[in-house]
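With PDB, C-alpha atoms and all ligand atoms inside, this is my_file.pdb:
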ATOM      1  CA  MET A   1       0.000   0.000   0.000
ATOM      2  CA  THR A   2       1.442   3.386  -0.940
ATOM      3  CA  ILE A   3       0.810   6.009   1.675
ATOM      4  CA  THR A   4       0.657   9.600   0.530
ATOM      5  CA  SER A   5      -0.531  12.783   2.197
ATOM      6  CA  LEU A   6      -3.806  14.480   1.347
ATOM      7  CA  SER A   7      -2.172  17.747   2.273
ATOM      8  CA  SER A   8       0.910  19.652   1.158
ATOM      9  CA  GLN A   9       1.258  20.536   4.857
ATOM     10  CA  ILE A  10       2.200  16.959   5.753
ATOM     11  CA  ASN A  11       5.189  15.156   4.309
ATOM     12  CA  VAL A  12       5.236  11.343   4.282
ATOM     13  CA  VAL A  13       8.237   9.214   3.401
ATOM     14  CA  ALA A  14       8.457   5.439   3.732
ATOM     15  CA  SER A  15      11.938   4.079   4.487
ATOM     16  CA  GLY A  16      11.224   0.375   4.268
ATOM     17  CA  PRO A  17       8.937  -0.452   7.205
ATOM     18  CA  VAL A  18       9.389   2.963   8.870
ATOM     19  CA  LEU A  19       6.907   5.656   7.924
ATOM     20  CA  SER A  20       8.244   9.156   8.560
ATOM     21  CA  VAL A  21       5.472  11.732   8.902
ATOM     22  CA  LYS A  22       6.531  15.370   9.084
ATOM     23  CA  PHE A  23       4.367  18.379   9.887
ATOM     24  CA  LYS A  24       5.215  20.771   7.069
ATOM     25  CA  ARG A  25       4.147  24.297   7.847
ATOM     26  CA  PRO A  26       7.408  25.728   9.137
ATOM     27  CA  ASP A  27       6.486  29.393   8.513
ATOM     28  CA  LYS A  28       3.686  28.935  11.099
ATOM     29  CA  MET A  29       5.769  26.778  13.438
ATOM     30  CA  ASN A  30       3.820  23.756  12.131
ATOM     31  CA  ALA A  31       0.577  24.927  13.785
ATOM     32  CA  PHE A  32      -2.091  22.345  12.925
ATOM     33  CA  THR A  33      -4.833  23.182  10.433
ATOM     34  CA  PHE A  34      -8.029  21.156   9.825
ATOM     35  CA  GLU A  35      -6.409  19.905   6.629
ATOM     36  CA  MET A  36      -3.395  18.629   8.580
ATOM     37  CA  TYR A  37      -5.571  16.757  11.082
ATOM     38  CA  ARG A  38      -7.549  15.140   8.262
ATOM     39  CA  SER A  39      -4.382  14.118   6.468
ATOM     40  CA  LEU A  40      -2.767  12.731   9.647
ATOM     41  CA  THR A  41      -5.901  10.695  10.367
ATOM     42  CA  GLU A  42      -5.895   9.268   6.852
ATOM     43  CA  ILE A  43      -2.190   8.431   7.029
ATOM     44  CA  LEU A  44      -2.565   6.644  10.392
ATOM     45  CA  ASN A  45      -5.601   4.712   9.156
ATOM     46  CA  LYS A  46      -3.688   3.535   6.092
ATOM     47  CA  ALA A  47      -0.563   2.762   8.145
ATOM     48  CA  GLU A  48      -2.680   0.696  10.537
ATOM     49  CA  LYS A  49      -3.905  -1.480   7.669
ATOM     50  CA  SER A  50      -0.610  -1.751   5.801
ATOM     51  CA  ASP A  51       1.605  -4.741   6.642
ATOM     52  CA  GLY A  52       4.444  -2.769   5.088
ATOM     53  CA  VAL A  53       4.387  -0.176   7.878
ATOM     54  CA  ARG A  54       5.724  -1.319  11.240
ATOM     55  CA  VAL A  55       6.649   1.946  12.980
ATOM     56  CA  VAL A  56       5.625   5.598  12.520
ATOM     57  CA  VAL A  57       7.952   8.525  13.278
ATOM     58  CA  LEU A  58       6.434  11.975  13.827
ATOM     59  CA  SER A  59       8.452  15.182  13.576
ATOM     60  CA  GLY A  60       8.201  18.798  12.485
ATOM     61  CA  MET A  61       9.874  20.359   9.486
ATOM     62  CA  GLY A  62      12.170  23.260  10.338
ATOM     63  CA  GLU A  63      12.998  24.374  13.855
ATOM     64  CA  HIS A  64       9.817  23.379  15.700
ATOM     65  CA  PHE A  65       7.682  20.332  16.381
ATOM     66  CA  SER A  66       4.334  22.176  16.416
ATOM     67  CA  ALA A  67       2.848  25.362  17.908
ATOM     68  CA  GLY A  68      -0.454  23.532  18.418
ATOM     69  CA  ASN A  69      -3.839  24.154  16.931
ATOM     70  CA  ASP A  70      -3.917  27.058  14.488
ATOM     71  CA  ILE A  71      -5.415  29.935  16.469
ATOM     72  CA  ALA A  72      -7.188  31.340  13.401
ATOM     73  CA  ASP A  73      -8.916  27.961  13.029
ATOM     74  CA  PHE A  74     -10.356  28.298  16.550
ATOM     75  CA  VAL A  75     -12.030  31.481  15.292
ATOM     76  CA  SER A  76     -13.344  29.652  12.197
ATOM     77  CA  VAL A  77     -14.738  26.893  14.424
ATOM     78  CA  LEU A  78     -16.640  29.524  16.419
ATOM     79  CA  GLU A  79     -17.970  31.117  13.248
ATOM     80  CA  GLU A  80     -19.151  27.715  12.043
ATOM     81  CA  GLY A  81     -21.169  27.006  15.199
ATOM     82  CA  GLY A  82     -18.649  25.692  17.729
ATOM     83  CA  MET A  83     -16.420  22.704  18.437
ATOM     84  CA  ALA A  84     -18.064  19.369  17.657
ATOM     85  CA  ARG A  85     -17.016  16.009  19.122
ATOM     86  CA  ASP A  86     -16.422  14.816  15.560
ATOM     87  CA  SER A  87     -14.184  17.746  14.597
ATOM     88  CA  ASP A  88     -11.098  16.936  12.526
ATOM     89  CA  ALA A  89      -8.868  17.503  15.565
ATOM     90  CA  ALA A  90     -10.930  15.197  17.794
ATOM     91  CA  ILE A  91     -11.025  12.434  15.167
ATOM     92  CA  PHE A  92      -7.247  12.671  14.873
ATOM     93  CA  VAL A  93      -6.913  12.243  18.654
ATOM     94  CA  ASP A  94      -9.259   9.217  18.535
ATOM     95  CA  THR A  95      -7.181   7.741  15.711
ATOM     96  CA  ILE A  96      -3.762   8.177  17.319
ATOM     97  CA  ARG A  97      -5.129   6.801  20.610
ATOM     98  CA  GLU A  98      -6.332   3.617  18.891
ATOM     99  CA  PHE A  99      -3.259   3.186  16.647
ATOM    100  CA  SER A 100      -1.775  -0.214  17.407
ATOM    101  CA  LYS A 101       1.790   0.074  16.050
ATOM    102  CA  PRO A 102       4.666   1.918  17.738
ATOM    103  CA  ILE A 103       4.839   5.681  17.232
ATOM    104  CA  ILE A 104       8.061   7.563  17.935
ATOM    105  CA  ALA A 105       8.219  11.372  18.119
ATOM    106  CA  ALA A 106      11.264  13.559  17.517
ATOM    107  CA  VAL A 107      10.846  16.991  19.114
ATOM    108  CA  ASP A 108      12.841  20.141  18.576
ATOM    109  CA  GLY A 109      11.860  23.741  19.316
ATOM    110  CA  TYR A 110       8.323  24.365  20.489
ATOM    111  CA  ALA A 111       5.742  21.652  21.182
ATOM    112  CA  VAL A 112       2.630  23.584  22.249
ATOM    113  CA  GLY A 113      -0.969  22.574  22.975
ATOM    114  CA  ILE A 114      -1.796  19.497  20.927
ATOM    115  CA  GLY A 115       1.890  19.544  19.915
ATOM    116  CA  THR A 116       2.490  18.374  23.495
ATOM    117  CA  THR A 117      -0.688  16.382  24.152
ATOM    118  CA  LEU A 118      -0.232  14.170  21.085
ATOM    119  CA  LEU A 119       3.067  13.058  22.681
ATOM    120  CA  LEU A 120       0.942  11.342  25.341
ATOM    121  CA  TYR A 121       0.031   8.843  22.606
ATOM    122  CA  CYS A 122       3.583   8.283  21.364
ATOM    123  CA  ASP A 123       5.508   5.272  22.624
ATOM    124  CA  LEU A 124       8.959   6.875  22.579
ATOM    125  CA  VAL A 125       9.720  10.605  22.501
ATOM    126  CA  TYR A 126      13.210  11.977  21.770
ATOM    127  CA  ALA A 127      13.727  15.700  22.289
ATOM    128  CA  SER A 128      16.616  18.125  21.972
ATOM    129  CA  SER A 129      17.810  20.032  25.035
ATOM    130  CA  MET A 130      16.401  23.194  23.397
ATOM    131  CA  ALA A 131      12.862  21.819  23.043
ATOM    132  CA  LYS A 132      10.160  23.733  24.915
ATOM    133  CA  PHE A 133       6.832  22.268  25.920
ATOM    134  CA  ARG A 134       3.702  24.141  26.852
ATOM    135  CA  THR A 135       0.024  23.426  27.341
ATOM    136  CA  PRO A 136      -1.275  27.009  27.700
ATOM    137  CA  PHE A 137      -4.976  26.100  27.598
ATOM    138  CA  THR A 138      -5.955  28.240  30.597
ATOM    139  CA  HIS A 139      -4.116  31.266  29.128
ATOM    140  CA  LEU A 140      -6.440  30.961  26.145
ATOM    141  CA  GLY A 141      -9.552  30.542  28.284
ATOM    142  CA  LEU A 142      -9.611  26.824  27.386
ATOM    143  CA  CYS A 143      -9.379  23.496  29.196
ATOM    144  CA  PRO A 144      -7.168  20.517  28.232
ATOM    145  CA  GLU A 145      -7.888  18.091  25.404
ATOM    146  CA  ALA A 146      -6.742  14.634  24.256
ATOM    147  CA  ALA A 147      -7.467  13.264  27.761
ATOM    148  CA  ALA A 148      -4.441  15.208  29.051
ATOM    149  CA  SER A 149      -6.450  16.103  32.175
ATOM    150  CA  HIS A 150      -6.658  12.365  32.917
ATOM    151  CA  ILE A 151      -3.258  11.163  31.704
ATOM    152  CA  MET A 152      -0.952  13.899  33.010
ATOM    153  CA  PRO A 153      -1.930  13.832  36.719
ATOM    154  CA  LYS A 154      -1.585  10.031  36.663
ATOM    155  CA  MET A 155       1.713  10.210  34.828
ATOM    156  CA  MET A 156       3.472  12.860  36.930
ATOM    157  CA  GLY A 157       1.258  13.447  39.959
ATOM    158  CA  ARG A 158      -1.413  16.086  40.294
ATOM    159  CA  ALA A 159       0.858  18.694  41.861
ATOM    160  CA  ARG A 160       3.228  18.638  38.893
ATOM    161  CA  ALA A 161       0.462  18.396  36.324
ATOM    162  CA  GLY A 162      -0.765  21.719  37.729
ATOM    163  CA  GLU A 163       2.345  23.416  36.331
ATOM    164  CA  TRP A 164       1.451  22.149  32.878
ATOM    165  CA  LEU A 165      -2.323  22.369  32.858
ATOM    166  CA  LEU A 166      -3.215  25.140  35.326
ATOM    167  CA  LEU A 167      -0.199  27.456  35.192
ATOM    168  CA  GLY A 168       0.529  26.729  31.520
ATOM    169  CA  ASP A 169       4.265  27.138  32.214
ATOM    170  CA  VAL A 170       6.895  26.848  29.517
ATOM    171  CA  ILE A 171       8.505  23.509  30.391
ATOM    172  CA  SER A 172      12.111  22.571  29.597
ATOM    173  CA  SER A 173      13.200  19.219  28.166
ATOM    174  CA  GLU A 174      14.734  18.348  31.547
ATOM    175  CA  GLN A 175      11.441  18.880  33.327
ATOM    176  CA  ALA A 176       9.485  17.139  30.552
ATOM    177  CA  MET A 177      11.731  14.120  31.039
ATOM    178  CA  ARG A 178      11.322  14.179  34.834
ATOM    179  CA  ASP A 179       7.566  14.436  34.354
ATOM    180  CA  GLY A 180       7.483  11.434  32.015
ATOM    181  CA  ILE A 181       6.503  13.219  28.798
ATOM    182  CA  ILE A 182       9.724  12.418  26.970
ATOM    183  CA  THR A 183      11.952   9.371  26.852
ATOM    184  CA  ARG A 184      15.374  10.967  26.500
ATOM    185  CA  ILE A 185      17.150  14.227  25.655
ATOM    186  CA  VAL A 186      19.429  13.725  22.659
ATOM    187  CA  ASP A 187      21.532  15.853  20.295
ATOM    188  CA  ASP A 188      19.773  14.567  17.177
ATOM    189  CA  PRO A 189      16.123  13.697  17.962
ATOM    190  CA  ILE A 190      15.195  12.715  14.406
ATOM    191  CA  GLY A 191      18.352  10.592  13.975
ATOM    192  CA  MET A 192      17.667   8.806  17.257
ATOM    193  CA  ALA A 193      13.960   8.355  16.422
ATOM    194  CA  MET A 194      14.809   6.813  13.033
ATOM    195  CA  ASP A 195      17.464   4.511  14.560
ATOM    196  CA  LYS A 196      15.027   3.247  17.197
ATOM    197  CA  ALA A 197      12.269   2.908  14.591
ATOM    198  CA  LYS A 198      14.513   0.744  12.383
ATOM    199  CA  PHE A 199      15.404  -1.358  15.410
ATOM    200  CA  LEU A 200      11.738  -1.855  16.373
ATOM    201  CA  ALA A 201      10.833  -2.651  12.761
ATOM    202  CA  GLY A 202      13.085  -5.707  13.018
ATOM    203  CA  LEU A 203      11.158  -7.136  15.978
ATOM    204  CA  SER A 204       7.968  -9.186  15.942
ATOM    205  CA  PRO A 205       5.011  -6.934  14.978
ATOM    206  CA  LYS A 206       2.677  -9.040  17.130
ATOM    207  CA  ALA A 207       4.955  -8.821  20.170
ATOM    208  CA  LEU A 208       5.221  -5.033  19.755
ATOM    209  CA  GLN A 209       1.499  -4.495  19.307
ATOM    210  CA  ASP A 210       0.615  -6.751  22.241
ATOM    211  CA  THR A 211       3.193  -4.990  24.413
ATOM    212  CA  LYS A 212       1.917  -1.553  23.397
ATOM    213  CA  LYS A 213      -1.640  -2.594  24.222
ATOM    214  CA  LEU A 214      -0.625  -3.969  27.627
ATOM    215  CA  MET A 215       1.369  -0.799  28.416
ATOM    216  CA  SER A 216      -1.407   1.577  27.395
ATOM    217  CA  SER A 217      -4.042   2.942  29.711
ATOM    218  CA  ASN A 218      -7.508   1.577  29.102
ATOM    219  CA  ASN A 219      -8.617   3.218  25.854
ATOM    220  CA  GLU A 220     -12.250   3.231  26.974
ATOM    221  CA  VAL A 221     -11.308   5.303  30.018
ATOM    222  CA  LEU A 222      -9.286   7.676  27.854
ATOM    223  CA  ARG A 223     -12.120   8.008  25.378
ATOM    224  CA  ASN A 224     -14.552   8.887  28.174
ATOM    225  CA  ALA A 225     -12.120  11.425  29.615
ATOM    226  CA  PHE A 226     -11.759  12.994  26.157
ATOM    227  CA  ASP A 227     -15.558  13.052  25.711
ATOM    228  CA  GLN A 228     -15.878  14.985  28.980
ATOM    229  CA  GLU A 229     -13.085  17.361  28.016
ATOM    230  CA  MET A 230     -14.658  18.070  24.641
ATOM    231  CA  ILE A 231     -17.911  19.169  26.279
ATOM    232  CA  LYS A 232     -16.005  21.607  28.494
ATOM    233  CA  PHE A 233     -13.648  22.626  25.676
ATOM    234  CA  ALA A 234     -16.580  23.565  23.441
ATOM    235  CA  GLU A 235     -18.068  25.665  26.280
ATOM    236  CA  CYS A 236     -14.737  27.362  27.012
ATOM    237  CA  LEU A 237     -14.191  28.095  23.323
ATOM    238  CA  GLU A 238     -17.398  30.155  23.319
ATOM    239  CA  SER A 239     -16.285  32.234  26.319
ATOM    240  CA  ASP A 240     -15.396  35.918  26.090
ATOM    241  CA  GLU A 241     -11.972  35.135  27.589
ATOM    242  CA  ALA A 242     -11.159  32.688  24.789
ATOM    243  CA  LYS A 243     -12.419  35.023  22.074
ATOM    244  CA  GLN A 244     -10.327  37.831  23.558
ATOM    245  CA  ALA A 245      -7.209  35.632  23.731
ATOM    246  CA  PHE A 246      -7.549  34.574  20.070
ATOM    247  CA  LYS A 247      -8.107  38.207  19.032
ATOM    248  CA  GLN A 248      -5.025  39.333  20.936
ATOM    249  CA  PHE A 249      -2.844  36.649  19.352
ATOM    250  CA  LEU A 250      -4.063  37.362  15.846
ATOM    251  CA  GLU A 251      -3.738  41.149  16.264
ATOM    252  CA  LYS A 252      -0.176  40.729  17.557
ATOM    253  CA  GLN A 253       0.714  38.787  14.401
ATOM    254  CA  GLU A 254      -0.786  41.507  12.183
ATOM    255  CA  SER A 255       1.073  44.398  13.896
TER
HETATM  256  N1  LIG B 301      -1.627  29.360  15.231
HETATM  257  C1  LIG B 301      -1.416  30.116  14.147
HETATM  258  N2  LIG B 301      -0.227  30.665  13.863
HETATM  259  C2  LIG B 301       0.778  30.417  14.709
HETATM  260  C3  LIG B 301       0.617  29.643  15.863
HETATM  261  C4  LIG B 301      -0.653  29.084  16.103
HETATM  262  N3  LIG B 301      -0.881  28.277  17.141
HETATM  263  N4  LIG B 301       1.786  29.614  16.537
HETATM  264  C5  LIG B 301       2.661  30.325  15.819
HETATM  265  N5  LIG B 301       2.056  30.813  14.710
HETATM  266  C6  LIG B 301       2.641  31.627  13.650
HETATM  267  C7  LIG B 301       2.620  33.076  14.015
HETATM  268  O1  LIG B 301       1.390  33.658  13.644
HETATM  269  C8  LIG B 301       3.781  33.603  13.183
HETATM  270  O2  LIG B 301       3.338  33.761  11.868
HETATM  271  P1  LIG B 301       3.729  35.100  11.003
HETATM  272  O3  LIG B 301       5.247  35.079  10.975
HETATM  273  O4  LIG B 301       3.092  34.870   9.680
HETATM  274  O5  LIG B 301       3.187  36.262  11.777
HETATM  275  C9  LIG B 301       4.764  32.460  13.208
HETATM  276  O6  LIG B 301       4.012  31.292  13.500
HETATM  277  C10 LIG B 301       5.843  32.610  14.267
HETATM  278  O7  LIG B 301       5.186  32.812  15.520
HETATM  279  P2  LIG B 301       5.627  33.987  16.553
HETATM  280  O8  LIG B 301       4.550  34.117  17.584
HETATM  281  O9  LIG B 301       6.011  35.199  15.822
HETATM  282  O10 LIG B 301       6.935  33.292  17.196
HETATM  283  P3  LIG B 301       7.561  33.527  18.648
HETATM  284  O11 LIG B 301       8.864  32.815  18.624
HETATM  285  O12 LIG B 301       7.513  34.951  19.040
HETATM  286  O13 LIG B 301       6.558  32.747  19.654
HETATM  287  C11 LIG B 301       5.173  30.916  20.390
HETATM  288  C12 LIG B 301       6.431  31.358  19.587
HETATM  289  C13 LIG B 301       4.991  29.417  20.185
HETATM  290  C14 LIG B 301       5.410  31.227  21.878
HETATM  291  C15 LIG B 301       3.953  31.723  19.882
HETATM  292  O14 LIG B 301       3.899  31.644  18.461
HETATM  293  C16 LIG B 301       2.649  31.208  20.417
HETATM  294  O15 LIG B 301       2.330  31.436  21.574
HETATM  295  N6  LIG B 301       1.851  30.572  19.553
HETATM  296  C17 LIG B 301       0.533  30.107  19.919
HETATM  297  C18 LIG B 301       0.629  28.777  20.619
HETATM  298  C19 LIG B 301      -0.740  28.336  21.085
HETATM  299  O16 LIG B 301      -1.343  28.977  21.907
HETATM  300  N7  LIG B 301      -1.217  27.243  20.495
HETATM  301  C20 LIG B 301      -2.543  26.710  20.758
HETATM  302  C21 LIG B 301      -2.564  25.946  22.027
HETATM  303  S1  LIG B 301      -4.167  25.304  22.369
END
How does the structure come out when it is put into C-alpha cells?
Ligand code: COA
Amino acid sequence: MTITSLSSQINVVASGPVLSVKFKRPDKMNAFTFEMYRSLTEILNKAEKSDGVRVVVLSGMGEHFSAGNDIADFVSVLEEGGMARDSDAAIFVDTIREFSKPIIAAVDGYAVGIGTTLLLYCDLVYASSMAKFRTPFTHLGLCPEAAASHIMPKMMGRARAGEWLLLGDVISSEQAMRDGIITRIVDDPIGMAMDKAKFLAGLSPKALQDTKKLMSSNNEVLRNAFDQEMIKFAECLESDEAKQAFKQFLEKQES
C-alpha cells in the first residue's frame, strides 16, 4: 500500500517499514490546520492497515515540532457554530489513541498545545535540550484536550500536572523528562527516532502491538475522559476570555 498525504502541509516518506510523517508548515511553526488533522488521520488509518508499515515517526519540518492548533482555526470553528465532538482535531486524537503500532516522536523547538498532548500517545519521545513544551490552555480561556487532564496527573502526579495544565508554564526538556513526557534528551532527535524505529521494525510486529496494548491505559477510560473534556472545551471556546485571547494573538501577528 502506498501512503501519501492528502495535504501539502504533511510530508510522508516510507523508508522500508518505517513511515516518517513530518508536519510541514514551518512558517507557522507547524501549527495544525483542519487539513493537517484530516491528512494525519488518513495516514494513520492507512498505516494501521498496511503490513508494510511497522513503525511511525512523527516530527516537524524546520525548527519546531508544532505550535499547536492554528489559532485562526479556533475562530473559524466559532464562526461555524462551535467545536463538535467529531471535529477533525478530535477524530485525529481518537485515531492516534487507537493506533496499534509503535509511534516515535522527535521533538525540537516548540511543542505547544496538541503539539504536546499528542506526545501522550507516542511510545517513545526523543527531544533536543532546546525543546520547549507548553500546554497554555488556561491562558487561552480553554481546558485541556486529548485526555491530558486524565493522563498527566496520573503520569506525573497532580501537583506537577498543575504546572502544565493550570499554570501553563513553559517547560524545559529536563522537566518534561522528569515528568514522564519524553523518553530521552538527545543531540539529534530525528536521527535517534529513526534509529530506534529501524530497530523496532526488526522485531515481531505481534509482540510489539501486544506490548503496546498492555502498556497503554484503558482506551475506553481515555475516550470517556476525552468526551468529557470536549464538552467543556466547546463551552470554554465560546467564552469571552477565549475570544479575547484569540483576538489578541491574531492582532499581535498583524502588527
Ligand atoms: N496558530 C497560528 N499561527 C501560529 C501559531 C498558532 N498556534 N503559533 C505560531 N504561529 C505563527 C505566528 O502567527 C507567526 O506567523 P507570522 O510570521 O506569519 O506572523 C509564526 O508562527 C511565528 O510565531 P511567533 O509568535 O512570531 O513566534 P515567537 O517565537 O515569538 O513565539 C510561540 C512562539 C509558540 C510562543 C507563539 O507563536 C505562540 O504562543 N503561539 C501560539 C501557541 C498556542 O497557543 N497554540 C494553541 C494551544 S491550544
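Minimum distance to ligand LIG 301 (chain B) across A:Gly157, A:Pro26, A:Gly162, A:Pro102 (counting only C-alpha atoms and all ligand atoms) occurs at A:Pro26.
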With the PyMOL selection byres (((chain A and resi 63-75) around 7) and not hetatm) as the selection, what would be picked from this file? Answer as a list in words, please.
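This file, filtered by the PyMOL selection byres (((chain A and resi 63-75) around 7) and not hetatm), leaves Met29, Asn30, Ala31, Phe32, Thr33, Ser59, Gly60, Met61, Gly62, Ser76, Val77, Leu78, Glu79, Val107, Asp108, Gly109, Tyr110, Ala111, Val112, Gly113, Ile114, Gly115 and Phe246 of chain A.
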Have a look at A:Ala127, A:Ile103, A:Ala89, A:Leu120 and name the one nearest to ligand LIG 301 (chain B); count only C-alpha atoms and all ligand atoms.
A:Ala89
Kindly provide, as lines of an AutoDock Vina configuration file, the centre and edge lengths (Å, one decimal) of an axis-aligned box around all atoms of ligand LIG 301 (chain B) given in the file, with 3 Å on each side.
center_x = 2.3
center_y = 30.8
center_z = 16.0
size_x = 19.0
size_y = 17.0
size_z = 18.7
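Of the residues under consideration (A:Met155, A:Ala245, A:Ile96, A:Val125), A:Val125 shows the shortest atom-to-atom contact distance to A:Ile185 when counting all atoms listed in the file.
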Contacts of A:Ala201 at 8 Å or less, counting all atoms listed in the file, minus same-chain residues fewer than 3 places along, as a short mmCIF file (atom, residue, chain, number, x, y, z; two decimals) with C-alpha atoms, in the frame of the given file?
data_model
loop_
_atom_site.label_atom_id
_atom_site.label_comp_id
_atom_site.auth_asym_id
_atom_site.auth_seq_id
_atom_site.Cartn_x
_atom_site.Cartn_y
_atom_site.Cartn_z
CA PRO A 17 8.94 -0.45 7.20
CA VAL A 18 9.39 2.96 8.87
CA ARG A 54 5.72 -1.32 11.24
CA VAL A 55 6.65 1.95 12.98
CA ALA A 197 12.27 2.91 14.59
CA LYS A 198 14.51 0.74 12.38
CA SER A 204 7.97 -9.19 15.94
CA PRO A 205 5.01 -6.93 14.98
#
Closest of A:Ile3, A:Val12, A:Met156, A:Ala90 to A:Arg38 - atom-to-atom distances counting only C-alpha atoms:
A:Ala90
Env of A:Ile104: 12 Å cut, atoms = only C-alpha atoms, seq-sep filter 6 positions within chain, self excluded. Answer as a short mmCIF file (atom, residue, chain, number, x, y, z; two decimals) with C-alpha atoms, in the coordinates of the input.
data_model
loop_
_atom_site.label_atom_id
_atom_site.label_comp_id
_atom_site.auth_asym_id
_atom_site.auth_seq_id
_atom_site.Cartn_x
_atom_site.Cartn_y
_atom_site.Cartn_z
CA VAL A 18 9.39 2.96 8.87
CA LEU A 19 6.91 5.66 7.92
CA SER A 20 8.24 9.16 8.56
CA VAL A 21 5.47 11.73 8.90
CA LYS A 22 6.53 15.37 9.08
CA ARG A 54 5.72 -1.32 11.24
CA VAL A 55 6.65 1.95 12.98
CA VAL A 56 5.62 5.60 12.52
CA VAL A 57 7.95 8.52 13.28
CA LEU A 58 6.43 11.98 13.83
CA SER A 59 8.45 15.18 13.58
CA ILE A 96 -3.76 8.18 17.32
CA LEU A 118 -0.23 14.17 21.08
CA LEU A 119 3.07 13.06 22.68
CA LEU A 120 0.94 11.34 25.34
CA TYR A 121 0.03 8.84 22.61
CA CYS A 122 3.58 8.28 21.36
CA ASP A 123 5.51 5.27 22.62
CA LEU A 124 8.96 6.88 22.58
CA VAL A 125 9.72 10.60 22.50
CA TYR A 126 13.21 11.98 21.77
CA ALA A 127 13.73 15.70 22.29
CA ILE A 182 9.72 12.42 26.97
CA THR A 183 11.95 9.37 26.85
CA ARG A 184 15.37 10.97 26.50
CA PRO A 189 16.12 13.70 17.96
CA ILE A 190 15.20 12.72 14.41
CA GLY A 191 18.35 10.59 13.98
CA MET A 192 17.67 8.81 17.26
CA ALA A 193 13.96 8.36 16.42
CA MET A 194 14.81 6.81 13.03
CA ASP A 195 17.46 4.51 14.56
CA LYS A 196 15.03 3.25 17.20
CA ALA A 197 12.27 2.91 14.59
CA LYS A 198 14.51 0.74 12.38
CA PHE A 199 15.40 -1.36 15.41
CA LEU A 200 11.74 -1.86 16.37
CA ALA A 201 10.83 -2.65 12.76
#
Select, from A:Arg25, A:Lys212, A:Lys46, A:Arg85, the residue with the minimum atom-to-atom distance to A:Ala234, counting all atoms listed in the file.
A:Arg85
Between A:Glu220, A:Phe99, A:Glu229, A:Thr41, which has the minimum distance to A:Phe137 (counting all atoms listed in the file)?
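When distances to A:Phe137 are compared using all atoms listed in the file, the smallest one comes from A:Glu229.
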Find the distance between atom CA of A:Met130 and atom O12 of ligand LIG 301 (chain B) and write it in Å to one decimal.
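Atom O12 of ligand LIG 301 (chain B) lies 15.4 Å from atom CA of A:Met130.
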Starting from the incomplete input, reconstruct N, CA, C and O atoms of stretch 61-72 of chain A and write that as a PDB file, keeping the file's coordinate frame.
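Below is the file out_33.pdb, written as the result:
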ATOM      1  N   MET A  61       8.881  19.849  10.431  1.00  0.00           N
ATOM      2  CA  MET A  61       9.874  20.359   9.486  1.00  0.00           C
ATOM      3  C   MET A  61      10.355  21.717   9.990  1.00  0.00           C
ATOM      4  O   MET A  61       9.560  22.504  10.515  1.00  0.00           O
ATOM      5  N   GLY A  62      11.643  21.990   9.860  1.00  0.00           N
ATOM      6  CA  GLY A  62      12.170  23.260  10.338  1.00  0.00           C
ATOM      7  C   GLY A  62      12.555  23.175  11.802  1.00  0.00           C
ATOM      8  O   GLY A  62      12.912  22.107  12.293  1.00  0.00           O
ATOM      9  N   GLU A  63      12.442  24.298  12.499  1.00  0.00           N
ATOM     10  CA  GLU A  63      12.998  24.374  13.855  1.00  0.00           C
ATOM     11  C   GLU A  63      12.079  23.841  14.949  1.00  0.00           C
ATOM     12  O   GLU A  63      12.519  23.664  16.077  1.00  0.00           O
ATOM     13  N   HIS A  64      10.779  23.681  14.635  1.00  0.00           N
ATOM     14  CA  HIS A  64       9.817  23.379  15.700  1.00  0.00           C
ATOM     15  C   HIS A  64       9.023  22.103  15.424  1.00  0.00           C
ATOM     16  O   HIS A  64       8.803  21.749  14.264  1.00  0.00           O
ATOM     17  N   PHE A  65       8.567  21.503  16.513  1.00  0.00           N
ATOM     18  CA  PHE A  65       7.682  20.332  16.381  1.00  0.00           C
ATOM     19  C   PHE A  65       6.316  20.850  15.934  1.00  0.00           C
ATOM     20  O   PHE A  65       5.927  20.664  14.787  1.00  0.00           O
ATOM     21  N   SER A  66       5.600  21.554  16.816  1.00  0.00           N
ATOM     22  CA  SER A  66       4.334  22.176  16.416  1.00  0.00           C
ATOM     23  C   SER A  66       3.895  23.188  17.474  1.00  0.00           C
ATOM     24  O   SER A  66       4.005  22.922  18.674  1.00  0.00           O
ATOM     25  N   ALA A  67       3.380  24.331  17.001  1.00  0.00           N
ATOM     26  CA  ALA A  67       2.848  25.362  17.908  1.00  0.00           C
ATOM     27  C   ALA A  67       1.383  25.108  18.225  1.00  0.00           C
ATOM     28  O   ALA A  67       0.675  26.009  18.671  1.00  0.00           O
ATOM     29  N   GLY A  68       0.909  23.887  17.997  1.00  0.00           N
ATOM     30  CA  GLY A  68      -0.454  23.532  18.418  1.00  0.00           C
ATOM     31  C   GLY A  68      -1.507  23.887  17.395  1.00  0.00           C
ATOM     32  O   GLY A  68      -1.203  24.166  16.229  1.00  0.00           O
ATOM     33  N   ASN A  69      -2.727  23.865  17.843  1.00  0.00           N
ATOM     34  CA  ASN A  69      -3.839  24.154  16.931  1.00  0.00           C
ATOM     35  C   ASN A  69      -3.687  25.565  16.360  1.00  0.00           C
ATOM     36  O   ASN A  69      -3.346  26.495  17.095  1.00  0.00           O
ATOM     37  N   ASP A  70      -3.966  25.723  15.078  1.00  0.00           N
ATOM     38  CA  ASP A  70      -3.917  27.058  14.488  1.00  0.00           C
ATOM     39  C   ASP A  70      -4.961  27.937  15.172  1.00  0.00           C
ATOM     40  O   ASP A  70      -6.148  27.587  15.201  1.00  0.00           O
ATOM     41  N   ILE A  71      -4.504  29.076  15.701  1.00  0.00           N
ATOM     42  CA  ILE A  71      -5.415  29.935  16.469  1.00  0.00           C
ATOM     43  C   ILE A  71      -6.515  30.495  15.560  1.00  0.00           C
ATOM     44  O   ILE A  71      -7.674  30.608  15.970  1.00  0.00           O
ATOM     45  N   ALA A  72      -6.165  30.811  14.317  1.00  0.00           N
ATOM     46  CA  ALA A  72      -7.188  31.340  13.401  1.00  0.00           C
ATOM     47  C   ALA A  72      -8.286  30.299  13.165  1.00  0.00           C
ATOM     48  O   ALA A  72      -9.451  30.647  12.967  1.00  0.00           O
TER      49      ALA A  72
END
